[in-house]
file upload08.txt (compact mmCIF, C-alpha atoms and all ligand atoms)
# COMPACT_ATOMS: atom_id res chain seq x y z
CA SER Z 822 -34.05 18.29 10.07
CA SER Z 823 -30.64 16.77 10.74
CA THR Z 824 -31.70 13.58 8.95
CA PHE Z 825 -32.37 15.46 5.71
CA SER Z 826 -30.02 14.35 2.98
CA MET Z 827 -29.91 14.84 -0.75
CA VAL Z 828 -27.78 11.78 -1.42
CA ALA Z 829 -28.97 8.27 -2.19
CA SER Z 830 -29.39 5.97 0.81
CA HIS Z 831 -26.27 3.91 0.07
CA SER Z 832 -24.10 7.03 -0.09
CA ARG Z 833 -24.89 8.62 3.28
CA ARG Z 834 -21.57 9.06 5.03
CA THR Z 835 -20.69 10.44 8.43
CA GLU Z 836 -16.99 10.75 7.86
CA GLY Z 837 -15.66 14.09 6.72
CA GLU Z 838 -12.15 14.94 5.66
CA ASP Z 839 -9.56 12.20 5.36
CA LYS Z 840 -7.54 12.21 8.62
CA ILE Z 841 -4.24 12.04 6.79
CA PHE Z 842 -4.95 15.04 4.60
CA ALA Z 843 -6.40 16.93 7.61
CA ALA Z 844 -3.20 16.44 9.63
CA ASN Z 845 -1.14 17.54 6.65
CA SER Z 846 -3.04 20.79 6.16
CA ALA Z 847 -2.79 21.55 9.91
CA ALA Z 848 0.98 21.00 9.71
CA GLN Z 849 1.29 23.23 6.69
CA SER Z 850 -0.56 26.11 8.29
CA ALA Z 851 1.55 25.71 11.47
CA ALA Z 852 4.69 25.88 9.32
CA LYS Z 853 3.47 29.16 7.86
CA THR Z 854 2.90 30.64 11.31
CA ILE Z 855 5.95 29.48 13.28
CA GLY Z 856 8.31 28.36 10.52
CA PRO Z 857 8.95 24.91 9.05
CA ASP Z 858 11.96 24.20 11.28
CA ARG Z 859 9.79 24.01 14.38
CA VAL Z 860 7.17 21.78 12.78
CA VAL Z 861 7.40 17.99 12.46
CA ASN Z 862 5.02 16.98 9.71
CA ALA Z 863 4.88 13.20 9.98
CA SER Z 864 1.52 12.86 8.29
CA VAL Z 865 2.47 12.72 4.61
CA GLY Z 866 2.72 9.33 2.92
CA ALA Z 867 5.34 10.47 0.44
CA LEU Z 868 9.10 10.45 0.64
CA LEU Z 869 10.33 14.00 1.19
CA ASP Z 870 13.83 15.48 1.21
CA ASP Z 871 15.07 16.96 4.48
CA ASP Z 872 13.89 20.40 3.35
CA GLY Z 873 10.33 19.14 2.98
CA SER Z 874 10.25 19.03 -0.82
CA LEU Z 875 9.09 15.89 -2.62
CA SER Z 876 11.91 13.42 -3.32
CA VAL Z 877 11.89 12.46 -6.97
CA LEU Z 878 13.88 10.13 -9.18
CA PRO Z 879 15.46 12.64 -11.60
CA THR Z 880 15.75 10.16 -14.48
CA VAL Z 881 12.05 9.30 -14.28
CA ILE Z 882 11.09 12.97 -14.27
CA GLU Z 883 13.37 13.69 -17.25
CA LEU Z 884 11.80 10.84 -19.21
CA LEU Z 885 8.36 12.19 -18.49
CA LYS Z 886 9.25 15.76 -19.42
CA ASN Z 887 10.79 14.73 -22.70
CA LEU Z 888 7.85 12.76 -24.04
CA PRO Z 889 6.43 13.93 -27.37
CA ALA Z 890 3.02 15.64 -27.17
CA GLU Z 891 1.01 12.66 -28.42
CA GLU Z 892 2.44 10.46 -25.66
CA TYR Z 893 0.76 12.55 -23.00
CA ALA Z 894 -2.18 13.98 -24.91
CA ALA Z 895 -3.52 10.75 -26.40
CA TYR Z 896 -5.65 8.08 -24.76
CA ALA Z 897 -4.12 4.79 -23.72
CA PRO Z 898 -5.95 1.57 -24.61
CA ILE Z 899 -8.58 0.71 -21.97
CA GLY Z 900 -6.57 -2.20 -20.59
CA GLY Z 901 -3.27 -0.32 -20.76
CA LEU Z 902 -0.45 -0.04 -23.33
CA PRO Z 903 0.81 -3.58 -24.09
CA GLY Z 904 4.45 -2.56 -23.54
CA PHE Z 905 3.51 -1.10 -20.17
CA LEU Z 906 1.79 -4.29 -19.06
CA GLU Z 907 4.92 -6.29 -19.87
CA ALA Z 908 7.08 -3.73 -18.06
CA ALA Z 909 4.76 -3.77 -15.05
CA LYS Z 910 5.17 -7.56 -14.74
CA LYS Z 911 8.95 -7.19 -14.85
CA ALA Z 912 8.87 -4.38 -12.30
CA ALA Z 913 6.61 -6.35 -9.99
CA PHE Z 914 8.20 -9.81 -10.11
CA GLY Z 915 11.84 -9.09 -10.90
CA ASP Z 916 13.55 -12.50 -11.03
CA PHE Z 917 10.67 -14.25 -9.26
CA VAL Z 918 8.07 -14.81 -11.95
CA PRO Z 919 5.59 -17.33 -10.57
CA ASN Z 920 4.52 -20.40 -12.56
CA GLY Z 921 1.08 -20.01 -13.99
CA TYR Z 922 -1.08 -17.99 -16.34
CA ILE Z 923 -0.34 -14.32 -15.85
CA GLU Z 924 -2.44 -11.42 -17.11
CA ALA Z 925 -2.28 -7.71 -16.36
CA VAL Z 926 -4.63 -4.75 -16.60
CA ALA Z 927 -3.58 -1.11 -16.08
CA THR Z 928 -5.23 0.71 -13.18
CA PRO Z 929 -4.94 4.18 -11.66
CA GLY Z 930 -2.35 3.16 -9.06
CA GLY Z 931 -2.69 0.37 -6.56
CA SER Z 932 -5.92 2.00 -5.41
CA GLY Z 933 -7.58 1.16 -8.69
CA ALA Z 934 -6.43 -2.45 -8.36
CA ILE Z 935 -7.90 -2.66 -4.85
CA ARG Z 936 -11.19 -1.32 -6.16
CA HIS Z 937 -11.47 -3.79 -9.01
CA ALA Z 938 -10.37 -6.75 -6.87
CA ILE Z 939 -13.00 -6.00 -4.25
CA TRP Z 940 -15.74 -5.31 -6.76
CA ASN Z 941 -15.05 -8.21 -9.10
CA TYR Z 942 -14.03 -10.94 -6.68
CA SER Z 943 -16.18 -10.53 -3.55
CA GLU Z 944 -19.96 -10.66 -3.40
CA MET Z 945 -22.08 -7.67 -2.43
CA GLY Z 946 -22.20 -7.40 1.37
CA ASP Z 947 -19.22 -9.74 1.86
CA ALA Z 948 -16.45 -9.16 4.33
CA VAL Z 949 -13.00 -8.49 2.90
CA LEU Z 950 -10.17 -9.62 5.16
CA THR Z 951 -7.11 -7.66 6.20
CA SER Z 952 -4.93 -7.26 9.31
CA ASP Z 953 -5.99 -5.15 12.30
CA TRP Z 954 -3.34 -2.59 11.42
CA TYR Z 955 -4.27 -1.49 7.92
CA TRP Z 956 -4.26 1.41 5.48
CA GLY Z 957 -7.54 3.32 6.06
CA PRO Z 958 -8.60 3.51 2.39
CA TYR Z 959 -9.02 -0.30 2.37
CA LYS Z 960 -12.13 0.33 4.45
CA THR Z 961 -13.22 3.32 2.39
CA ILE Z 962 -12.94 1.37 -0.85
CA ALA Z 963 -14.73 -1.67 0.61
CA GLU Z 964 -17.58 0.46 1.97
CA GLU Z 965 -17.84 2.52 -1.19
CA HIS Z 966 -18.68 -0.75 -2.91
CA GLY Z 967 -21.08 -2.19 -0.36
CA ARG Z 968 -18.56 -4.49 1.35
CA LYS Z 969 -17.04 -4.37 4.79
CA ILE Z 970 -13.63 -4.98 6.27
CA GLU Z 971 -12.98 -7.64 8.89
CA THR Z 972 -9.60 -8.11 10.51
CA TYR Z 973 -7.30 -10.65 12.10
CA THR Z 974 -4.62 -9.78 14.62
CA PHE Z 975 -1.45 -8.93 12.69
CA PHE Z 976 1.15 -9.58 15.40
CA ASP Z 977 1.53 -12.35 17.92
CA GLU Z 978 3.16 -11.99 21.34
CA ARG Z 979 6.61 -12.29 19.75
CA ASP Z 980 5.83 -9.50 17.29
CA CYS Z 981 5.70 -11.95 14.37
CA PHE Z 982 2.86 -12.61 11.90
CA HIS Z 983 -0.06 -13.99 13.90
CA LEU Z 984 -0.63 -17.12 11.89
CA SER Z 985 -3.29 -18.69 14.10
CA SER Z 986 -5.37 -15.51 14.14
CA PHE Z 987 -5.10 -15.37 10.34
CA GLN Z 988 -6.09 -19.03 10.01
CA ARG Z 989 -9.05 -18.66 12.36
CA LYS Z 990 -10.39 -15.63 10.55
CA VAL Z 991 -9.95 -17.10 7.06
CA HIS Z 992 -11.76 -20.23 8.18
CA GLU Z 993 -14.55 -18.32 9.89
CA LEU Z 994 -15.22 -16.10 6.87
CA LEU Z 995 -15.15 -19.03 4.46
CA GLN Z 996 -17.86 -20.69 6.49
CA ARG Z 997 -20.03 -17.61 5.97
CA GLN Z 998 -19.21 -16.80 2.36
CA ASN Z 999 -18.00 -18.62 -0.73
CA ALA Z 1000 -15.56 -15.97 -1.91
CA LEU Z 1001 -12.89 -14.35 0.18
CA VAL Z 1002 -10.68 -11.44 -0.85
CA ILE Z 1003 -7.66 -11.06 1.43
CA LEU Z 1004 -5.74 -7.78 1.28
CA LEU Z 1005 -2.17 -8.39 2.39
CA ASN Z 1006 0.26 -5.49 2.28
CA SER Z 1007 3.85 -6.74 2.49
CA PRO Z 1008 6.77 -5.99 2.34
CA ALA Z 1009 7.10 -2.67 4.18
CA HIS Z 1010 3.52 -2.68 5.38
CA ASN Z 1011 1.62 0.55 5.81
CA PRO Z 1012 1.30 1.58 8.65
CA THR Z 1013 3.68 -0.67 10.63
CA GLY Z 1014 6.67 -1.30 8.39
CA TYR Z 1015 6.37 -5.08 8.82
CA SER Z 1016 7.40 -7.57 6.12
CA LEU Z 1017 6.37 -11.20 6.24
CA THR Z 1018 9.29 -13.66 6.25
CA MET Z 1019 9.46 -16.49 3.70
CA GLU Z 1020 8.35 -18.92 6.43
CA GLU Z 1021 5.36 -16.75 7.17
CA TRP Z 1022 4.44 -16.51 3.50
CA ASN Z 1023 4.72 -20.28 3.20
CA ALA Z 1024 2.45 -20.69 6.20
CA VAL Z 1025 -0.09 -18.27 4.67
CA PHE Z 1026 -0.29 -20.42 1.56
CA ASP Z 1027 -0.43 -23.68 3.54
CA CYS Z 1028 -3.47 -22.25 5.26
CA LEU Z 1029 -5.09 -21.08 2.02
CA LYS Z 1030 -4.41 -24.42 0.31
CA ALA Z 1031 -6.04 -26.28 3.17
CA GLU Z 1032 -9.14 -24.07 2.87
CA ALA Z 1033 -9.12 -24.46 -0.91
CA ALA Z 1034 -9.64 -28.20 -0.51
CA ASN Z 1035 -13.31 -27.23 -0.44
CA LYS Z 1036 -13.83 -26.58 -4.14
CA GLU Z 1037 -16.96 -24.50 -3.52
CA LYS Z 1038 -14.72 -21.79 -2.13
CA ARG Z 1039 -12.89 -19.09 -4.06
CA ILE Z 1040 -9.90 -17.48 -2.39
CA ILE Z 1041 -8.31 -14.30 -3.72
CA LEU Z 1042 -5.00 -13.31 -2.21
CA PHE Z 1043 -4.43 -9.64 -3.04
CA SER Z 1044 -0.74 -8.87 -2.67
CA ASP Z 1045 -0.34 -5.13 -2.17
CA ILE Z 1046 3.30 -4.34 -2.99
CA ALA Z 1047 2.96 -0.54 -2.93
CA TYR Z 1048 6.25 -0.14 -1.00
CA ILE Z 1049 8.28 -3.01 -2.41
CA ASP Z 1050 10.94 -0.77 -3.93
CA PHE Z 1051 11.73 0.58 -0.46
CA ALA Z 1052 11.91 -2.77 1.29
CA GLY Z 1053 15.64 -3.40 1.19
CA ASN Z 1054 17.39 -5.67 -1.29
CA PRO Z 1055 15.17 -5.65 -4.42
CA LYS Z 1056 15.88 -9.33 -5.09
CA GLU Z 1057 15.25 -10.71 -1.61
CA SER Z 1058 12.16 -8.58 -1.13
CA ARG Z 1059 10.52 -10.24 -4.16
CA ALA Z 1060 11.34 -13.89 -3.42
CA PHE Z 1061 7.91 -14.55 -1.87
CA MET Z 1062 6.22 -14.00 -5.21
CA LYS Z 1063 7.49 -17.39 -6.42
CA LEU Z 1064 4.89 -18.82 -4.04
CA PHE Z 1065 2.11 -17.35 -6.17
CA GLY Z 1066 2.62 -20.12 -8.72
CA ASN Z 1067 1.35 -23.72 -8.81
CA LEU Z 1068 -1.61 -23.03 -6.55
CA PRO Z 1069 -4.98 -24.81 -6.61
CA GLU Z 1070 -7.34 -23.49 -9.28
CA ASN Z 1071 -9.66 -21.91 -6.74
CA ILE Z 1072 -6.92 -19.66 -5.39
CA LEU Z 1073 -6.22 -16.56 -7.46
CA THR Z 1074 -3.38 -14.23 -6.62
CA ILE Z 1075 -3.53 -10.58 -7.66
CA VAL Z 1076 -0.45 -8.40 -7.37
CA ALA Z 1077 -1.01 -4.65 -7.18
CA PHE Z 1078 1.80 -2.81 -8.90
CA SER Z 1079 2.03 0.96 -8.39
CA MET Z 1080 4.25 3.66 -9.84
CA SER Z 1081 3.46 6.05 -6.98
CA LYS Z 1082 6.32 5.27 -4.59
CA GLY Z 1083 8.79 3.15 -6.55
CA TYR Z 1084 8.92 5.63 -9.44
CA THR Z 1085 7.95 8.76 -7.45
CA LEU Z 1086 4.97 9.37 -9.73
CA TYR Z 1087 2.24 9.57 -7.08
CA GLY Z 1088 0.15 12.09 -8.95
CA MET Z 1089 0.31 10.32 -12.30
CA ARG Z 1090 -2.07 7.66 -10.97
CA CYS Z 1091 -0.56 4.69 -12.71
CA GLY Z 1092 -0.28 1.06 -11.79
CA ALA Z 1093 -1.50 -2.37 -12.75
CA MET Z 1094 -3.22 -5.40 -11.34
CA ILE Z 1095 -1.51 -8.63 -12.27
CA CYS Z 1096 -3.09 -12.04 -11.76
CA ILE Z 1097 -1.49 -15.45 -11.44
CA SER Z 1098 -3.65 -18.52 -11.86
CA SER Z 1099 -3.10 -22.21 -12.55
CA ARG Z 1100 -6.11 -22.04 -14.81
CA LYS Z 1101 -5.90 -20.32 -18.19
CA GLU Z 1102 -9.61 -19.44 -18.21
CA ALA Z 1103 -9.36 -17.73 -14.84
CA ALA Z 1104 -6.55 -15.51 -16.12
CA GLU Z 1105 -8.42 -14.67 -19.32
CA GLU Z 1106 -11.55 -13.92 -17.36
CA PHE Z 1107 -9.48 -11.64 -15.10
CA LYS Z 1108 -8.39 -9.67 -18.16
CA THR Z 1109 -11.92 -9.38 -19.57
CA VAL Z 1110 -13.61 -8.49 -16.33
CA ASN Z 1111 -11.14 -5.89 -15.13
CA GLN Z 1112 -10.90 -4.27 -18.54
CA PHE Z 1113 -14.67 -4.00 -18.49
CA SER Z 1114 -14.46 -2.38 -15.06
CA ASN Z 1115 -11.89 0.10 -16.34
CA ARG Z 1116 -14.35 1.18 -19.00
CA GLY Z 1117 -17.19 1.24 -16.53
CA VAL Z 1118 -15.45 3.33 -13.87
CA TRP Z 1119 -12.64 5.53 -15.18
CA SER Z 1120 -12.03 4.50 -18.80
CA ASN Z 1121 -8.36 4.51 -19.56
CA GLY Z 1122 -5.33 5.10 -17.38
CA THR Z 1123 -2.53 7.63 -17.66
CA ARG Z 1124 -0.67 7.18 -20.90
CA PRO Z 1125 2.51 9.22 -20.20
CA ALA Z 1126 3.26 7.25 -17.04
CA MET Z 1127 2.74 3.99 -18.92
CA THR Z 1128 5.10 5.12 -21.64
CA VAL Z 1129 7.73 6.07 -19.08
CA LEU Z 1130 7.70 2.60 -17.52
CA THR Z 1131 7.81 1.00 -20.96
CA LYS Z 1132 10.92 3.02 -21.80
CA ILE Z 1133 12.61 2.20 -18.50
CA PHE Z 1134 12.20 -1.53 -19.00
CA SER Z 1135 13.39 -1.49 -22.58
CA ASP Z 1136 16.72 0.11 -21.68
CA PRO Z 1137 18.90 -1.66 -19.07
CA GLN Z 1138 21.06 1.43 -18.60
CA LEU Z 1139 18.08 3.60 -17.75
CA LEU Z 1140 16.85 1.02 -15.31
CA GLU Z 1141 20.23 0.81 -13.64
CA GLN Z 1142 20.39 4.58 -13.37
CA ILE Z 1143 16.97 4.70 -11.71
CA GLU Z 1144 17.91 1.92 -9.33
CA LYS Z 1145 20.95 3.94 -8.28
CA GLU Z 1146 18.84 7.03 -7.69
CA ARG Z 1147 16.34 5.00 -5.73
CA GLN Z 1148 19.12 3.58 -3.59
CA VAL Z 1149 19.94 7.11 -2.44
CA LEU Z 1150 16.35 7.58 -1.31
CA GLN Z 1151 16.30 4.16 0.33
CA THR Z 1152 19.39 5.06 2.35
CA LEU Z 1153 17.83 8.33 3.46
CA LEU Z 1154 14.72 6.47 4.59
CA THR Z 1155 16.63 3.73 6.41
CA GLU Z 1156 18.75 6.25 8.29
CA ARG Z 1157 15.67 8.10 9.47
CA ALA Z 1158 13.91 4.94 10.59
CA GLU Z 1159 17.03 3.71 12.39
CA SER Z 1160 17.37 7.02 14.24
CA PHE Z 1161 13.75 6.86 15.32
CA ILE Z 1162 13.97 3.23 16.44
CA GLN Z 1163 17.21 3.70 18.34
CA GLU Z 1164 15.79 6.64 20.23
CA ALA Z 1165 12.49 4.84 20.83
CA LYS Z 1166 14.44 1.99 22.45
CA ARG Z 1167 16.33 4.40 24.63
CA VAL Z 1168 13.18 6.04 25.96
CA ASN Z 1169 11.23 2.76 26.18
CA LEU Z 1170 8.70 3.69 23.56
CA LYS Z 1171 7.03 0.55 22.22
CA ILE Z 1172 6.64 0.49 18.44
CA CYS Z 1173 5.18 -2.11 16.07
CA PRO Z 1174 7.79 -4.43 14.52
CA TYR Z 1175 9.37 -2.35 11.75
CA LYS Z 1176 11.49 -3.88 9.02
CA ALA Z 1177 11.23 -1.34 6.21
CA GLY Z 1178 9.02 1.26 4.67
CA PHE Z 1179 7.55 4.70 4.97
CA PHE Z 1180 5.89 4.49 8.41
CA ILE Z 1181 6.47 3.58 12.01
CA THR Z 1182 3.46 2.86 14.19
CA ILE Z 1183 3.27 3.41 17.91
CA PRO Z 1184 0.52 1.41 19.61
CA CYS Z 1185 -1.25 3.42 22.32
CA LYS Z 1186 -4.53 3.66 24.18
CA TYR Z 1187 -5.97 7.02 23.17
CA PRO Z 1188 -4.73 7.73 19.63
CA ASP Z 1189 -6.87 10.82 19.02
CA ALA Z 1190 -5.85 12.39 22.33
CA VAL Z 1191 -2.17 11.55 21.75
CA VAL Z 1192 -2.30 13.09 18.28
CA ALA Z 1193 -3.99 16.22 19.66
CA GLU Z 1194 -1.41 16.60 22.46
CA LEU Z 1195 1.45 16.16 20.02
CA GLN Z 1196 -0.04 18.81 17.76
CA LYS Z 1197 0.35 21.29 20.61
CA GLU Z 1198 4.08 20.64 20.27
CA TYR Z 1199 3.82 21.02 16.50
CA ILE Z 1200 4.26 17.29 15.85
CA PHE Z 1201 1.70 16.13 13.30
CA THR Z 1202 0.92 12.43 13.17
CA VAL Z 1203 -2.05 10.34 12.04
CA PRO Z 1204 -4.40 8.64 14.52
CA LEU Z 1205 -5.22 4.98 13.82
CA GLY Z 1206 -7.64 2.66 15.62
CA LYS Z 1207 -5.07 1.41 18.11
CA GLY Z 1208 -2.12 3.74 17.79
CA ILE Z 1209 -0.54 6.57 15.88
CA ARG Z 1210 1.32 6.55 12.59
CA PHE Z 1211 4.58 8.45 12.22
CA ALA Z 1212 5.74 8.99 8.63
CA VAL Z 1213 9.54 8.63 8.77
CA CYS Z 1214 9.42 9.12 5.00
CA SER Z 1215 8.62 12.79 5.39
CA VAL Z 1216 10.71 13.83 8.42
CA SER Z 1217 14.44 14.61 8.56
CA LYS Z 1218 16.77 12.35 10.51
CA ASP Z 1219 17.39 15.05 13.13
CA LYS Z 1220 13.71 15.46 13.80
CA CYS Z 1221 13.21 11.68 13.84
CA THR Z 1222 15.71 11.55 16.69
CA LEU Z 1223 13.96 14.24 18.72
CA VAL Z 1224 10.43 12.91 18.52
CA PRO Z 1225 10.27 9.50 20.30
CA GLN Z 1226 10.95 11.07 23.68
CA LYS Z 1227 8.10 13.54 23.18
CA ILE Z 1228 5.70 10.82 22.07
CA ALA Z 1229 6.67 8.71 25.09
CA ALA Z 1230 6.05 11.66 27.41
CA VAL Z 1231 2.58 12.30 25.95
CA ILE Z 1232 1.58 8.62 26.11
CA ASN Z 1233 2.78 8.28 29.70
CA LYS Z 1234 0.90 11.42 30.71
CA LEU Z 1235 -2.47 10.36 29.26
N1 LIG I 1301 -1.59 0.32 -0.72
C1 LIG I 1301 -1.06 0.94 0.33
C2 LIG I 1301 -0.82 0.16 1.56
C3 LIG I 1301 -0.75 2.30 0.26
O1 LIG I 1301 -0.23 2.90 1.32
C4 LIG I 1301 -0.99 3.00 -0.93
C5 LIG I 1301 -0.69 4.43 -1.02
O2 LIG I 1301 -0.51 5.13 -0.08
C6 LIG I 1301 -1.54 2.29 -1.99
C7 LIG I 1301 -1.84 0.95 -1.85
C8 LIG I 1301 -1.93 2.84 -3.31
O3 LIG I 1301 -1.35 3.94 -3.76
P1 LIG I 1301 -1.57 4.34 -5.28
O4 LIG I 1301 -3.02 4.24 -5.56
O5 LIG I 1301 -1.08 5.73 -5.34
O6 LIG I 1301 -0.77 3.37 -6.07
call {"tool": "encode", "arguments": {"input": "upload08.txt", "output": "structure tokens"}}
result
Amino acid sequence: SSTFSMVASHSRRTEGEDKIFAANSAAQSAAKTIGPDRVVNASVGALLDDDGSLSVLPTVIELLKNLPAEEYAAYAPIGGLPGFLEAAKKAAFGDFVPNGYIEAVATPGGSGAIRHAIWNYSEMGDAVLTSDWYWGPYKTIAEEHGRKIETYTFFDERDCFHLSSFQRKVHELLQRQNALVILLNSPAHNPTGYSLTMEEWNAVFDCLKAEAANKEKRIILFSDIAYIDFAGNPKESRAFMKLFGNLPENILTIVAFSMSKGYTLYGMRCGAMICISSRKEAAEEFKTVNQFSNRGVWSNGTRPAMTVLTKIFSDPQLLEQIEKERQVLQTLLTERAESFIQEAKRVNLKICPYKAGFFITIPCKYPDAVVAELQKEYIFTVPLGKGIRFAVCSVSKDKCTLVPQKIAAVINKL
């Protein structure tokens, strides 16, 4: 019968292929049939050159290629190479190291950090909080581990961070549960491109501190900085991390560092989770618990990627070189986004407030239908709950200019 299933009860899933990867394969087969020039593949979450090939940082790739055999064939320690963990902290915080006890554990990208944070800091069955626009895998990872996602409204009527919605939801969840993990992706949020301002970050912590007055409660602010290296000025974009210091002992901040975007090493699966706590024991416990989880889920991380980051942060010239190369990619991305936004304004296409990053989101009523209609014109986008996601990171500037009008036409027609 249709209810027959071989899998355990907790693993019965209705969802099939990931929507992002589905849109990408449809775009690729269209490109084979009618030629890549006529296809707009705005589904991929990776920065691509105008010709559709993956943009890479040449110096990073050279470092990787030139490693001696044992640096890529050997295991890394379970918690990560010590030099890598130090480098990851430097890469994450820059000049804005927060005050407090800081510990780091290597993970397979930011995804691994999300997994461990949810598993180790929320209770089974708990709700994990994020904004209503969010990266789909947050939900997948939460559900894979017997948790669920609940959301607050990300934007207010002025297209700024919706502080009161955030406050209400934090308060409501902390009445129901003693631990709360909050996933907050900023700067250059996926999928909208929003970055919280310093005032907004301050307000977030004012809210959390007020809730933390109840010492029974444990609040975990998970700062997902997956796109921070493409969020404009690398100094300014990190300033908010100073706020992670000097917090009450029942607030723990976890920063998710990833080498996927900032070092163009998506496939190497390397990153780290970094905690900041005012309490030494909480930081030590973080180290113990997440190292244990590494062993219990995937063992060790990817040694060659760790070694590459270690080398980059022990040689200022290398770092400078990589920053220059990254700046070229940042400019490419900014130009594309600006072209899209300018054209969207001209044709009155409403988009979510974009400040930086890989994606622009267009709110609309029937996302699946809009995506399907656009596919007929060989424009491949990703449907979200309340809109569609357009990956400016993977589409040339010329195509970015052509598309808003077509999206507007489809939305107005439906
Ligand atoms: N967080 C967000 C918002 C992302 O978009 C991504 C990747 O697309 C990640 C985290 C994690 O990526 P990775 O696991 O490759 O570091």
call {"tool": "atom_distance", "arguments": {"input": "upload08.txt", "atom1": "CA of Asp1027 in chain Z", "atom2": "CA of Leu1064 in chain Z"}}
result
10.5 Å
call {"tool": "residues_near_point", "arguments": {"input": "upload08.txt", "point": "(6.4, -0.5, 22.0)", "cutoff": "10 Å", "atoms": "all atoms listed in the file", "output": "PyMOL selection string"}}
result
chain Z and resi 1165-1166+1169-1174+1182-1185+1229
call {"tool": "residues_near_point", "arguments": {"input": "upload08.txt", "point": "(14.6, 7.5, -17.1)", "cutoff": "12 Å", "atoms": "only C-alpha atoms", "output": "PyMOL selection string"}}
result
chain Z and resi 877-888+1084-1085+1126+1128-1147
call {"tool": "axis_aligned_box", "arguments": {"input": "upload08.txt", "around": "ligand LIG 1301 (chain I)", "padding_each_side": "8 Å", "output": "lines of an AutoDock Vina configuration file"}}
result
center_x = -1.6
center_y = 2.9
center_z = -2.3
size_x = 18.8
size_y = 21.6
size_z = 23.6
call {"tool": "residues_around", "arguments": {"input": "upload08.txt", "residues": "range 1035-1048 of chain Z", "least_positions_apart": "6", "cutoff": "7 Å", "atoms": "all atoms listed in the file", "output": "PyMOL selection string"}}
result
chain Z and resi 931+999-1009+1071-1079+1082-1083+1178
call {"tool": "closest_atom_pairs", "arguments": {"input": "upload08.txt", "of": "chain Z", "to": "ligand LIG 1301 (chain I)", "cutoff": "7 Å", "atoms": "only C-alpha atoms and all ligand atoms", "output": "tab-separated table"}}
result
residue	atom	partner	partner_atom	distance
Z:Gly866	CA	I:LIG1301	O2	6.1
Z:Pro929	CA	I:LIG1301	O4	6.4
Z:Gly930	CA	I:LIG1301	O6	3.4
Z:Gly931	CA	I:LIG1301	O6	3.6
Z:Ser932	CA	I:LIG1301	O4	3.7
Z:Gly933	CA	I:LIG1301	O4	6.3
Z:Trp956	CA	I:LIG1301	C2	5.4
Z:Asn1006	CA	I:LIG1301	C2	5.8
Z:His1010	CA	I:LIG1301	C2	6.4
Z:Asn1011	CA	I:LIG1301	C2	4.9
Z:Asp1045	CA	I:LIG1301	N1	5.8
Z:Ala1047	CA	I:LIG1301	N1	5.1
Z:Ser1079	CA	I:LIG1301	O6	4.4
Z:Met1080	CA	I:LIG1301	O6	6.3
Z:Ser1081	CA	I:LIG1301	O5	4.8
Z:Tyr1087	CA	I:LIG1301	O5	5.4
Z:Arg1090	CA	I:LIG1301	O5	6.0
Z:Cys1091	CA	I:LIG1301	O6	6.8
Z:Gly1092	CA	I:LIG1301	O6	6.2
call {"tool": "atom_distance", "arguments": {"input": "upload08.txt", "atom1": "CA of Thr951 in chain Z", "atom2": "CA of Met1127 in chain Z"}}
result
29.4 Å
call {"tool": "atom_distance", "arguments": {"input": "upload08.txt", "atom1": "CA of Val918 in chain Z", "atom2": "CA of Met1062 in chain Z"}}
result
7.0 Å
call {"tool": "closest_residue", "arguments": {"input": "upload08.txt", "among": "Z:Asp953, Z:Glu1105, Z:Asp1050, Z:Glu1020", "to": "Ser986 in chain Z", "atoms": "all atoms listed in the file"}}
result
Z:Asp953
call {"tool": "decode", "arguments": {"input": "upload08.txt", "residues": "range 1099-1120 of chain Z", "atoms": "C-alpha atoms", "output": "PDB file, in the first residue's frame"}}
result
ATOM      1  CA  SER Z1099      31.378  35.268  29.696  1.00  0.00           C
ATOM      2  CA  ARG Z1100      31.763  31.990  31.534  1.00  0.00           C
ATOM      3  CA  LYS Z1101      34.906  29.907  31.135  1.00  0.00           C
ATOM      4  CA  GLU Z1102      33.095  26.641  31.887  1.00  0.00           C
ATOM      5  CA  ALA Z1103      30.522  27.297  29.181  1.00  0.00           C
ATOM      6  CA  ALA Z1104      33.273  27.761  26.598  1.00  0.00           C
ATOM      7  CA  GLU Z1105      35.108  24.628  27.723  1.00  0.00           C
ATOM      8  CA  GLU Z1106      31.894  22.659  27.676  1.00  0.00           C
ATOM      9  CA  PHE Z1107      31.262  23.948  24.137  1.00  0.00           C
ATOM     10  CA  LYS Z1108      34.609  22.529  23.064  1.00  0.00           C
ATOM     11  CA  THR Z1109      34.014  19.146  24.712  1.00  0.00           C
ATOM     12  CA  VAL Z1110      30.463  18.709  23.541  1.00  0.00           C
ATOM     13  CA  ASN Z1111      30.977  19.708  19.928  1.00  0.00           C
ATOM     14  CA  GLN Z1112      34.152  17.691  19.608  1.00  0.00           C
ATOM     15  CA  PHE Z1113      32.187  14.713  20.881  1.00  0.00           C
ATOM     16  CA  SER Z1114      29.532  15.414  18.255  1.00  0.00           C
ATOM     17  CA  ASN Z1115      32.190  15.565  15.544  1.00  0.00           C
ATOM     18  CA  ARG Z1116      33.284  12.073  16.516  1.00  0.00           C
ATOM     19  CA  GLY Z1117      29.716  10.887  16.762  1.00  0.00           C
ATOM     20  CA  VAL Z1118      28.552  12.194  13.390  1.00  0.00           C
ATOM     21  CA  TRP Z1119      31.328  12.650  10.828  1.00  0.00           C
ATOM     22  CA  SER Z1120      34.629  12.187  12.694  1.00  0.00           C
TER      23      SER Z1120
END
